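Structure file work_34.cif (mmCIF, C-alpha atoms (C1' of nucleotides)) is printed below.
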data_structure
loop_
_atom_site.label_atom_id
_atom_site.label_comp_id
_atom_site.auth_asym_id
_atom_site.auth_seq_id
_atom_site.Cartn_x
_atom_site.Cartn_y
_atom_site.Cartn_z
CA MET A 12 97.57 128.29 251.84
CA VAL A 13 99.77 125.54 250.56
CA GLU A 14 102.32 124.61 253.17
CA HIS A 15 105.72 123.24 252.35
CA LEU A 16 105.78 119.48 252.70
CA SER A 17 109.16 118.17 253.75
CA GLU A 18 110.04 114.97 251.92
CA GLU A 19 111.59 113.63 255.09
CA GLU A 20 108.44 114.18 257.12
CA LEU A 21 106.37 112.51 254.41
CA THR A 22 108.74 109.56 254.30
CA ASP A 23 108.52 109.17 258.07
CA LEU A 24 104.73 109.43 258.09
CA PHE A 25 104.24 106.94 255.27
CA LYS A 26 106.74 104.52 256.79
CA CYS A 27 105.03 104.84 260.14
CA VAL A 28 101.58 103.91 258.85
CA SER A 29 102.97 101.29 256.48
CA ASP A 30 103.14 98.89 259.42
CA GLU A 31 99.92 97.01 260.13
CA THR A 32 100.45 96.90 263.89
CA ARG A 33 101.03 100.64 264.05
CA ARG A 34 97.95 101.34 261.94
CA SER A 35 95.99 99.13 264.28
CA LEU A 36 97.34 100.92 267.35
CA LEU A 37 96.39 104.26 265.86
CA VAL A 38 92.87 103.03 265.09
CA LYS A 39 92.52 101.65 268.59
CA LEU A 40 93.59 104.95 270.14
CA CYS A 41 91.10 106.80 267.95
CA GLN A 42 88.32 104.45 268.99
CA GLU A 43 89.02 104.17 272.67
CA GLY A 44 90.67 107.43 273.55
CA PRO A 45 93.76 107.58 275.78
CA CYS A 46 95.19 104.18 276.72
CA ARG A 47 98.12 102.87 278.70
CA VAL A 48 100.94 100.90 277.07
CA THR A 49 100.10 97.60 278.80
CA GLU A 50 96.44 97.91 277.91
CA LEU A 51 97.27 98.44 274.24
CA ALA A 52 99.78 95.60 274.27
CA SER A 53 97.22 93.20 275.78
CA HIS A 54 95.40 93.11 272.42
CA TYR A 55 98.38 91.89 270.44
CA ASP A 56 100.16 88.59 270.17
CA MET A 57 103.46 90.35 270.58
CA SER A 58 105.72 91.36 273.45
CA LEU A 59 105.08 94.53 275.43
CA ASN A 60 108.46 95.76 274.28
CA ALA A 61 107.52 95.42 270.63
CA ILE A 62 104.41 97.53 271.23
CA SER A 63 106.42 100.05 273.23
CA LYS A 64 108.76 100.40 270.23
CA HIS A 65 105.86 100.83 267.80
CA LEU A 66 104.41 103.52 270.04
CA LYS A 67 107.73 105.34 269.98
CA VAL A 68 107.69 105.32 266.18
CA LEU A 69 104.14 106.71 266.16
CA GLU A 70 105.15 109.30 268.72
CA LYS A 71 108.24 110.36 266.78
CA CYS A 72 106.15 111.49 263.83
CA SER A 73 103.52 112.97 266.15
CA LEU A 74 100.72 110.60 265.21
CA ILE A 75 100.26 110.02 268.93
CA SER A 76 101.22 111.98 272.02
CA ARG A 77 102.08 110.86 275.50
CA SER A 78 101.47 112.20 278.96
CA THR A 79 103.14 110.54 281.91
CA GLU A 80 101.26 110.13 285.16
CA GLY A 81 103.40 108.46 287.73
CA ARG A 82 104.53 105.15 286.34
CA THR A 83 101.81 104.94 283.72
CA HIS A 84 102.03 106.59 280.31
CA TRP A 85 98.84 107.76 278.61
CA LEU A 86 98.92 107.64 274.85
CA LYS A 87 96.43 109.42 272.68
CA ALA A 88 95.98 109.69 268.94
CA ASN A 89 96.73 112.97 267.19
CA LEU A 90 95.37 113.10 263.66
CA SER A 91 96.62 116.58 262.89
CA GLU A 92 99.64 115.24 261.05
CA ILE A 93 97.48 113.13 258.76
CA HIS A 94 96.72 116.18 256.66
CA LYS A 95 100.32 116.10 255.42
CA ILE A 96 99.65 112.76 253.79
CA GLU A 97 96.35 114.03 252.45
CA ALA A 98 98.03 117.15 251.10
CA TRP A 99 100.55 115.06 249.20
CA LEU A 100 97.82 112.87 247.74
CA ASP A 101 95.79 115.93 246.74
CA GLY A 102 98.88 117.45 245.15
CA LEU A 103 99.45 114.30 243.16
CA ARG A 104 95.88 114.29 241.90
CA SER A 105 96.06 117.91 240.88
CA ILE A 106 99.31 117.37 239.00
CA TRP A 107 97.58 114.53 237.19
CA GLU A 108 94.56 116.68 236.34
CA ILE A 109 96.66 119.60 235.16
CA ARG A 110 98.28 117.34 232.58
CA LEU A 111 94.95 115.94 231.44
CA ASP A 112 93.67 119.49 231.07
CA ARG A 113 96.67 120.47 228.97
CA LEU A 114 96.13 117.35 226.91
CA ALA A 115 92.46 118.12 226.38
CA LYS A 116 93.26 121.67 225.24
CA LEU A 117 95.91 120.34 222.89
CA ILE A 118 93.45 117.96 221.28
CA GLU A 119 90.93 120.77 220.97
CA THR A 120 93.50 122.92 219.17
CA GLU A 121 94.44 120.05 216.88
CA GLU A 122 90.80 119.59 215.93
CA ARG A 123 90.38 123.30 215.23
CA ASP A 124 93.43 123.19 212.99
CA ASP A 125 92.19 120.23 210.95
CA MET B 4 79.64 101.46 249.10
CA VAL B 5 82.47 100.76 251.50
CA GLU B 6 84.86 98.29 249.97
CA HIS B 7 86.95 95.91 252.00
CA LEU B 8 90.47 97.22 252.40
CA SER B 9 93.00 94.45 252.65
CA GLU B 10 95.65 95.21 255.25
CA GLU B 11 98.26 93.68 253.00
CA GLU B 12 97.35 95.93 250.10
CA LEU B 13 97.45 98.95 252.37
CA THR B 14 100.82 97.92 253.74
CA ASP B 15 102.20 97.54 250.22
CA LEU B 16 100.78 100.87 249.06
CA PHE B 17 102.07 102.80 252.06
CA LYS B 18 105.48 101.13 251.83
CA CYS B 19 105.62 101.91 248.14
CA VAL B 20 105.01 105.63 248.54
CA SER B 21 107.15 105.83 251.67
CA ASP B 22 110.22 105.98 249.43
CA GLU B 23 111.13 109.47 248.23
CA THR B 24 112.46 108.28 244.87
CA ARG B 25 109.29 106.32 244.14
CA ARG B 26 107.10 109.28 245.10
CA SER B 27 109.16 111.42 242.78
CA LEU B 28 108.83 108.90 239.93
CA LEU B 29 105.08 108.83 240.40
CA VAL B 30 104.88 112.62 240.35
CA LYS B 31 107.01 112.76 237.23
CA LEU B 32 104.81 110.24 235.45
CA CYS B 33 101.72 112.25 236.42
CA GLN B 34 103.30 115.43 235.11
CA GLU B 35 104.82 114.16 231.91
CA GLY B 36 102.62 111.27 230.93
CA PRO B 37 104.07 107.98 229.67
CA CYS B 38 107.88 107.77 229.89
CA ARG B 39 110.54 105.18 229.14
CA VAL B 40 112.72 103.71 231.88
CA THR B 41 115.95 105.34 230.67
CA GLU B 42 114.28 108.73 230.37
CA LEU B 43 113.01 108.52 233.93
CA ALA B 44 116.37 107.30 235.19
CA SER B 45 118.19 110.19 233.52
CA HIS B 46 116.74 112.55 236.14
CA TYR B 47 118.21 110.71 239.10
CA ASP B 48 121.68 110.36 240.51
CA MET B 49 121.21 106.63 240.75
CA SER B 50 121.81 103.64 238.52
CA LEU B 51 119.32 102.65 235.83
CA ASN B 52 118.92 99.36 237.67
CA ALA B 53 117.90 101.07 240.88
CA ILE B 54 115.21 102.99 239.01
CA SER B 55 114.11 99.82 237.24
CA LYS B 56 113.67 98.18 240.63
CA HIS B 57 111.69 101.12 241.99
CA LEU B 58 109.43 100.99 238.95
CA LYS B 59 108.79 97.33 239.60
CA VAL B 60 107.72 98.13 243.15
CA LEU B 61 105.35 100.82 241.87
CA GLU B 62 104.05 98.43 239.25
CA LYS B 63 103.50 95.63 241.75
CA CYS B 64 100.98 97.69 243.68
CA SER B 65 99.48 99.05 240.46
CA LEU B 66 100.50 102.66 241.01
CA ILE B 67 101.95 102.55 237.51
CA SER B 68 101.34 100.33 234.50
CA ARG B 69 103.61 99.26 231.71
CA SER B 70 103.18 98.62 228.01
CA THR B 71 106.06 97.13 226.07
CA GLU B 72 106.78 98.32 222.57
CA GLY B 73 109.71 96.49 221.11
CA ARG B 74 112.63 96.96 223.42
CA THR B 75 111.24 100.05 225.12
CA HIS B 76 108.84 99.95 228.03
CA TRP B 77 106.31 102.73 228.47
CA LEU B 78 105.36 103.47 232.04
CA LYS B 79 102.36 105.48 233.03
CA ALA B 80 100.90 106.54 236.35
CA ASN B 81 97.68 104.98 237.54
CA LEU B 82 96.13 106.89 240.42
CA SER B 83 93.13 104.61 240.83
CA GLU B 84 94.77 102.73 243.70
CA ILE B 85 95.37 105.93 245.61
CA HIS B 86 91.76 105.88 246.77
CA LYS B 87 92.60 102.90 248.98
CA ILE B 88 94.95 105.08 250.98
CA GLU B 89 92.40 107.86 251.04
CA ALA B 90 89.71 105.44 252.17
CA TRP B 91 91.84 104.31 255.08
CA LEU B 92 92.56 107.90 256.10
CA ASP B 93 88.86 108.77 255.85
CA GLY B 94 87.99 105.73 257.93
CA LEU B 95 90.46 106.78 260.59
CA ARG B 96 88.99 110.27 260.75
CA SER B 97 85.47 108.95 261.03
CA ILE B 98 86.45 106.57 263.82
CA TRP B 99 87.95 109.55 265.60
CA GLU B 100 84.82 111.65 265.12
CA ILE B 101 82.50 108.88 266.23
CA ARG B 102 84.30 108.75 269.55
CA LEU B 103 84.20 112.52 269.96
CA ASP B 104 80.46 112.42 269.23
CA ARG B 105 79.92 109.73 271.85
CA LEU B 106 81.98 111.77 274.27
CA ALA B 107 79.97 114.93 273.59
CA LYS B 108 76.70 113.06 274.17
CA LEU B 109 78.08 111.59 277.37
CA ILE B 110 79.00 115.02 278.68
CA GLU B 111 75.56 116.31 277.72
CA THR B 112 73.94 113.49 279.69
CA GLU B 113 76.18 114.12 282.68
CA GLU B 114 75.19 117.78 282.66
CA ARG B 115 71.49 116.89 282.44
CA ASP B 116 71.93 114.54 285.41
CA ASP B 117 73.68 117.14 287.59
"C1'" DT C 13 111.13 98.64 303.38
"C1'" DA C 14 110.13 94.87 300.31
"C1'" DT C 15 107.48 93.68 296.48
"C1'" DA C 16 104.67 94.31 292.58
"C1'" DT C 17 103.54 97.04 288.54
"C1'" DA C 18 104.40 100.09 284.33
"C1'" DT C 19 107.56 101.18 281.24
"C1'" DT C 20 111.92 101.72 278.83
"C1'" DC C 21 116.77 100.53 277.54
"C1'" DA C 22 120.27 97.54 275.52
"C1'" DA C 23 121.81 93.82 273.01
"C1'" DC C 24 120.84 90.55 269.84
"C1'" DT C 25 118.66 88.06 265.57
"C1'" DA C 26 116.38 87.47 261.22
"C1'" DT C 27 114.60 89.52 257.37
"C1'" DA C 28 113.58 93.31 254.18
"C1'" DT C 29 115.19 97.17 251.57
"C1'" DG C 30 117.79 100.23 248.59
"C1'" DG C 31 121.69 100.51 246.38
"C1'" DT C 32 125.67 98.61 243.53
"C1'" DT C 33 127.93 95.93 239.47
"C1'" DG C 34 128.21 92.73 235.68
"C1'" DA C 35 125.93 89.70 232.67
"C1'" DA C 36 121.95 88.43 229.94
"C1'" DC C 37 118.07 89.25 226.95
"C1'" DA C 38 115.46 91.61 223.31
"C1'" DT C 39 115.20 94.70 219.66
"C1'" DT C 40 116.74 98.08 216.50
"C1'" DT C 41 120.04 99.92 213.29
"C1'" DA C 42 124.41 100.17 210.53
"C1'" DT D 21 125.42 89.81 210.74
"C1'" DA D 22 127.63 92.95 214.01
"C1'" DA D 23 127.09 96.62 217.00
"C1'" DA D 24 124.31 99.66 219.68
"C1'" DT D 25 120.32 100.48 222.61
"C1'" DG D 26 116.68 99.55 226.24
"C1'" DT D 27 115.69 96.81 229.85
"C1'" DT D 28 115.86 93.15 233.24
"C1'" DC D 29 118.11 89.43 236.07
"C1'" DA D 30 121.29 87.76 239.58
"C1'" DA D 31 124.44 88.25 243.07
"C1'" DC D 32 126.16 90.96 246.38
"C1'" DC D 33 126.56 94.61 250.29
"C1'" DA D 34 125.19 97.87 253.85
"C1'" DT D 35 121.68 99.45 256.53
"C1'" DA D 36 117.07 99.56 258.50
"C1'" DT D 37 113.31 97.22 260.66
"C1'" DA D 38 110.43 94.23 263.53
"C1'" DG D 39 110.76 91.15 266.67
"C1'" DT D 40 112.94 88.76 270.82
"C1'" DT D 41 114.90 88.45 275.81
"C1'" DG D 42 116.83 90.18 280.04
"C1'" DA D 43 118.03 93.97 282.86
"C1'" DA D 44 117.18 98.65 284.48
"C1'" DT D 45 114.28 102.50 286.02
"C1'" DA D 46 110.39 104.59 288.25
"C1'" DT D 47 106.41 104.46 290.95
"C1'" DA D 48 102.79 102.45 293.71
"C1'" DT D 49 101.30 99.37 297.35
"C1'" DA D 50 101.45 95.79 301.20
#
Show how you would write the structure in this file as structure tokens.
Amino acid sequence: MVEHLSEEELTDLFKCVSDETRRSLLVKLCQEGPCRVTELASHYDMSLNAISKHLKVLEKCSLISRSTEGRTHWLKANLSEIHKIEAWLDGLRSIWEIRLDRLAKLIETEERDD
Amino acid sequence: MVEHLSEEELTDLFKCVSDETRRSLLVKLCQEGPCRVTELASHYDMSLNAISKHLKVLEKCSLISRSTEGRTHWLKANLSEIHKIEAWLDGLRSIWEIRLDRLAKLIETEERDD
DNA sequence: TATATATTCAACTATATGGTTGAACATTTA
DNA sequence: TAAATGTTCAACCATATAGTTGAATATATA
């Protein structure tokens, strides 16, 4: 089943992972499992607030999820949205191959007609 | 062979495809094969200059290439760089799975020790 | 209750980005 | 050679983004 890929969602996803810090945060959460905001921030030469903002961007496009436990927030990676990026890339490749196929058939026909 | 993925290259690639117009241009070039700048621009409700700038961004990260023939420039898609994005996504997934594996083994050990 | 800890909110700054317009450049054609 | 065509360059504008700092909010602990 080919699902409909909203351009807006794709734009948000690509923009989200186009930032090195956010990619790094996502990797860290995949490696370490659920982490708190302060713990994540401790690895970066950047204010806690900056990290908090990055996490919100990741959360907004569902690349991470959050569960609040008292005053601490637990963040965890959620890779399920990644398939939307993969689907777009696969689509692109198949569009490319379809044209090459058409081209190959055209050349074949030309040769037959010579 | 796992090649080294430069963060800067990744950032540029993701930023490049995070724009809807640029994604659309890339798709069009995959579908139609080599096109001129004006021809591409004719499909968009946007100035020729804007499209020209988008093409330069695509060109800078090698998602398209250009060959000049007199006054006309022929653009064509080049999907070879796409694998860098795919490699990063694959890496992320494998990092995720490695942790889940470790976790599963841990639980197994815990159960054995009960 | 007072204080410390975990996090976000708000306001601000600097820079990057996507778009515009008008001029310039290069090449083709009349 | 003059005019038309294809493209880029340069300057500008509005908005978005990544970072900062300081205050606010919520919860835990002494």
Expand the PyMOL selection byres ((chain D and resi 46) around 7) into the individual residues it matches in the shown file, reporting them as a PyMOL selection string.
-> (chain A and resi 82) or (chain D and resi 45+47)
Apply the PyMOL selection byres ((chain B) within 9 of (chain D)) to the file shown and report the selected residues as a ChimeraX atom specification.
-> /B:39-41,52,55,74-76
Run the PyMOL selection byres ((chain B) within 12 of (chain C)) on the file and write out the hits as a PDB file with C-alpha atoms, keeping the file's coordinate frame.
ATOM      1  CA  LYS B  18     105.480 101.130 251.830  1.00  0.00           C
ATOM      2  CA  CYS B  19     105.620 101.910 248.140  1.00  0.00           C
ATOM      3  CA  SER B  21     107.150 105.830 251.670  1.00  0.00           C
ATOM      4  CA  ASP B  22     110.220 105.980 249.430  1.00  0.00           C
ATOM      5  CA  GLU B  23     111.130 109.470 248.230  1.00  0.00           C
ATOM      6  CA  THR B  24     112.460 108.280 244.870  1.00  0.00           C
ATOM      7  CA  ARG B  25     109.290 106.320 244.140  1.00  0.00           C
ATOM      8  CA  ASP B  48     121.680 110.360 240.510  1.00  0.00           C
ATOM      9  CA  MET B  49     121.210 106.630 240.750  1.00  0.00           C
ATOM     10  CA  SER B  50     121.810 103.640 238.520  1.00  0.00           C
ATOM     11  CA  LEU B  51     119.320 102.650 235.830  1.00  0.00           C
ATOM     12  CA  ASN B  52     118.920  99.360 237.670  1.00  0.00           C
ATOM     13  CA  ALA B  53     117.900 101.070 240.880  1.00  0.00           C
ATOM     14  CA  ILE B  54     115.210 102.990 239.010  1.00  0.00           C
ATOM     15  CA  SER B  55     114.110  99.820 237.240  1.00  0.00           C
ATOM     16  CA  LYS B  56     113.670  98.180 240.630  1.00  0.00           C
ATOM     17  CA  HIS B  57     111.690 101.120 241.990  1.00  0.00           C
ATOM     18  CA  VAL B  60     107.720  98.130 243.150  1.00  0.00           C
ATOM     19  CA  THR B  71     106.060  97.130 226.070  1.00  0.00           C
ATOM     20  CA  GLU B  72     106.780  98.320 222.570  1.00  0.00           C
ATOM     21  CA  GLY B  73     109.710  96.490 221.110  1.00  0.00           C
ATOM     22  CA  ARG B  74     112.630  96.960 223.420  1.00  0.00           C
ATOM     23  CA  THR B  75     111.240 100.050 225.120  1.00  0.00           C
ATOM     24  CA  HIS B  76     108.840  99.950 228.030  1.00  0.00           C
TER      25      HIS B  76
END
Given only C-alpha atoms, how would the per-residue table for chain A near chain B read, listing every residue at most 10 Å away with its closest atom pair and distance in Å to one decimal, sorted by chain and number, as JSON lines?
{"residue": "A:Glu18", "atom": "CA", "partner": "B:Glu23", "partner_atom": "CA", "distance": 6.7}
{"residue": "A:Glu19", "atom": "CA", "partner": "B:Glu23", "partner_atom": "CA", "distance": 8.0}
{"residue": "A:Leu21", "atom": "CA", "partner": "B:Ser21", "partner_atom": "CA", "distance": 7.3}
{"residue": "A:Thr22", "atom": "CA", "partner": "B:Ser21", "partner_atom": "CA", "distance": 4.8}
{"residue": "A:Asp23", "atom": "CA", "partner": "B:Ser21", "partner_atom": "CA", "distance": 7.3}
{"residue": "A:Leu24", "atom": "CA", "partner": "B:Ser21", "partner_atom": "CA", "distance": 7.7}
{"residue": "A:Phe25", "atom": "CA", "partner": "B:Ser21", "partner_atom": "CA", "distance": 4.8}
{"residue": "A:Lys26", "atom": "CA", "partner": "B:Ser21", "partner_atom": "CA", "distance": 5.3}
{"residue": "A:Cys27", "atom": "CA", "partner": "B:Ser21", "partner_atom": "CA", "distance": 8.8}
{"residue": "A:Val28", "atom": "CA", "partner": "B:Phe17", "partner_atom": "CA", "distance": 6.9}
{"residue": "A:Ser29", "atom": "CA", "partner": "B:Phe17", "partner_atom": "CA", "distance": 4.8}
{"residue": "A:Asp30", "atom": "CA", "partner": "B:Thr14", "partner_atom": "CA", "distance": 6.2}
{"residue": "A:Glu31", "atom": "CA", "partner": "B:Thr14", "partner_atom": "CA", "distance": 6.5}
{"residue": "A:Arg34", "atom": "CA", "partner": "B:Thr14", "partner_atom": "CA", "distance": 9.3}
{"residue": "A:Ser35", "atom": "CA", "partner": "B:Glu10", "partner_atom": "CA", "distance": 9.9}
{"residue": "A:Leu37", "atom": "CA", "partner": "B:Leu95", "partner_atom": "CA", "distance": 8.3}
{"residue": "A:Val38", "atom": "CA", "partner": "B:Leu95", "partner_atom": "CA", "distance": 6.3}
{"residue": "A:Lys39", "atom": "CA", "partner": "B:Ile98", "partner_atom": "CA", "distance": 9.2}
{"residue": "A:Leu40", "atom": "CA", "partner": "B:Trp99", "partner_atom": "CA", "distance": 8.6}
{"residue": "A:Cys41", "atom": "CA", "partner": "B:Trp99", "partner_atom": "CA", "distance": 4.8}
{"residue": "A:Gln42", "atom": "CA", "partner": "B:Ile98", "partner_atom": "CA", "distance": 5.9}
{"residue": "A:Glu43", "atom": "CA", "partner": "B:Arg102", "partner_atom": "CA", "distance": 7.3}
{"residue": "A:Gly44", "atom": "CA", "partner": "B:Arg102", "partner_atom": "CA", "distance": 7.6}
{"residue": "A:Ala88", "atom": "CA", "partner": "B:Trp99", "partner_atom": "CA", "distance": 8.7}
{"residue": "A:Asn89", "atom": "CA", "partner": "B:Trp99", "partner_atom": "CA", "distance": 9.6}
{"residue": "A:Leu90", "atom": "CA", "partner": "B:Arg96", "partner_atom": "CA", "distance": 7.6}
{"residue": "A:Ile93", "atom": "CA", "partner": "B:Leu92", "partner_atom": "CA", "distance": 7.7}
{"residue": "A:His94", "atom": "CA", "partner": "B:Leu92", "partner_atom": "CA", "distance": 9.3}
{"residue": "A:Ile96", "atom": "CA", "partner": "B:Leu92", "partner_atom": "CA", "distance": 8.9}
{"residue": "A:Glu97", "atom": "CA", "partner": "B:Glu89", "partner_atom": "CA", "distance": 7.5}
{"residue": "A:Trp99", "atom": "CA", "partner": "B:Arg26", "partner_atom": "CA", "distance": 9.6}
{"residue": "A:Leu100", "atom": "CA", "partner": "B:Ile85", "partner_atom": "CA", "distance": 7.7}
{"residue": "A:Asp101", "atom": "CA", "partner": "B:Glu89", "partner_atom": "CA", "distance": 9.8}
{"residue": "A:Gly102", "atom": "CA", "partner": "B:Val30", "partner_atom": "CA", "distance": 9.1}
{"residue": "A:Leu103", "atom": "CA", "partner": "B:Val30", "partner_atom": "CA", "distance": 6.3}
{"residue": "A:Arg104", "atom": "CA", "partner": "B:Leu82", "partner_atom": "CA", "distance": 7.6}
{"residue": "A:Ser105", "atom": "CA", "partner": "B:Cys33", "partner_atom": "CA", "distance": 9.2}
{"residue": "A:Ile106", "atom": "CA", "partner": "B:Gln34", "partner_atom": "CA", "distance": 5.9}
{"residue": "A:Trp107", "atom": "CA", "partner": "B:Cys33", "partner_atom": "CA", "distance": 4.8}
{"residue": "A:Glu108", "atom": "CA", "partner": "B:Cys33", "partner_atom": "CA", "distance": 8.4}
{"residue": "A:Ile109", "atom": "CA", "partner": "B:Gln34", "partner_atom": "CA", "distance": 7.8}
{"residue": "A:Arg110", "atom": "CA", "partner": "B:Gln34", "partner_atom": "CA", "distance": 5.9}
{"residue": "A:Leu111", "atom": "CA", "partner": "B:Gly36", "partner_atom": "CA", "distance": 9.0}
{"residue": "A:Leu114", "atom": "CA", "partner": "B:Gly36", "partner_atom": "CA", "distance": 9.8}
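Taking atom CA of A:Ala115 as the reference point, atom CA of B:Ile67 is found at 21.4 Å.
Between atom CA of B:Ser9 and atom CA of B:Lys87 lies a distance of 9.2 Å.
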To box stretch 32-40 of chain C, take all atoms listed in the file, fit an axis-aligned box, add 3 Å on each side, and give centre and edge lengths in Å to one decimal, as AutoDock Vina command-line options.
--center_x 121.7 --center_y 93.5 --center_z 230.0 --size_x 19.0 --size_y 16.2 --size_z 33.0
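We find atom CA of B:Arg69 and atom CA of B:Glu84 to be spaced 15.3 Å apart.
Using only C-alpha atoms for every distance, the candidate list B:Ser83, B:Ala90, B:Ser65, B:Leu78 yields B:Ala90 as the residue closest to B:His7.
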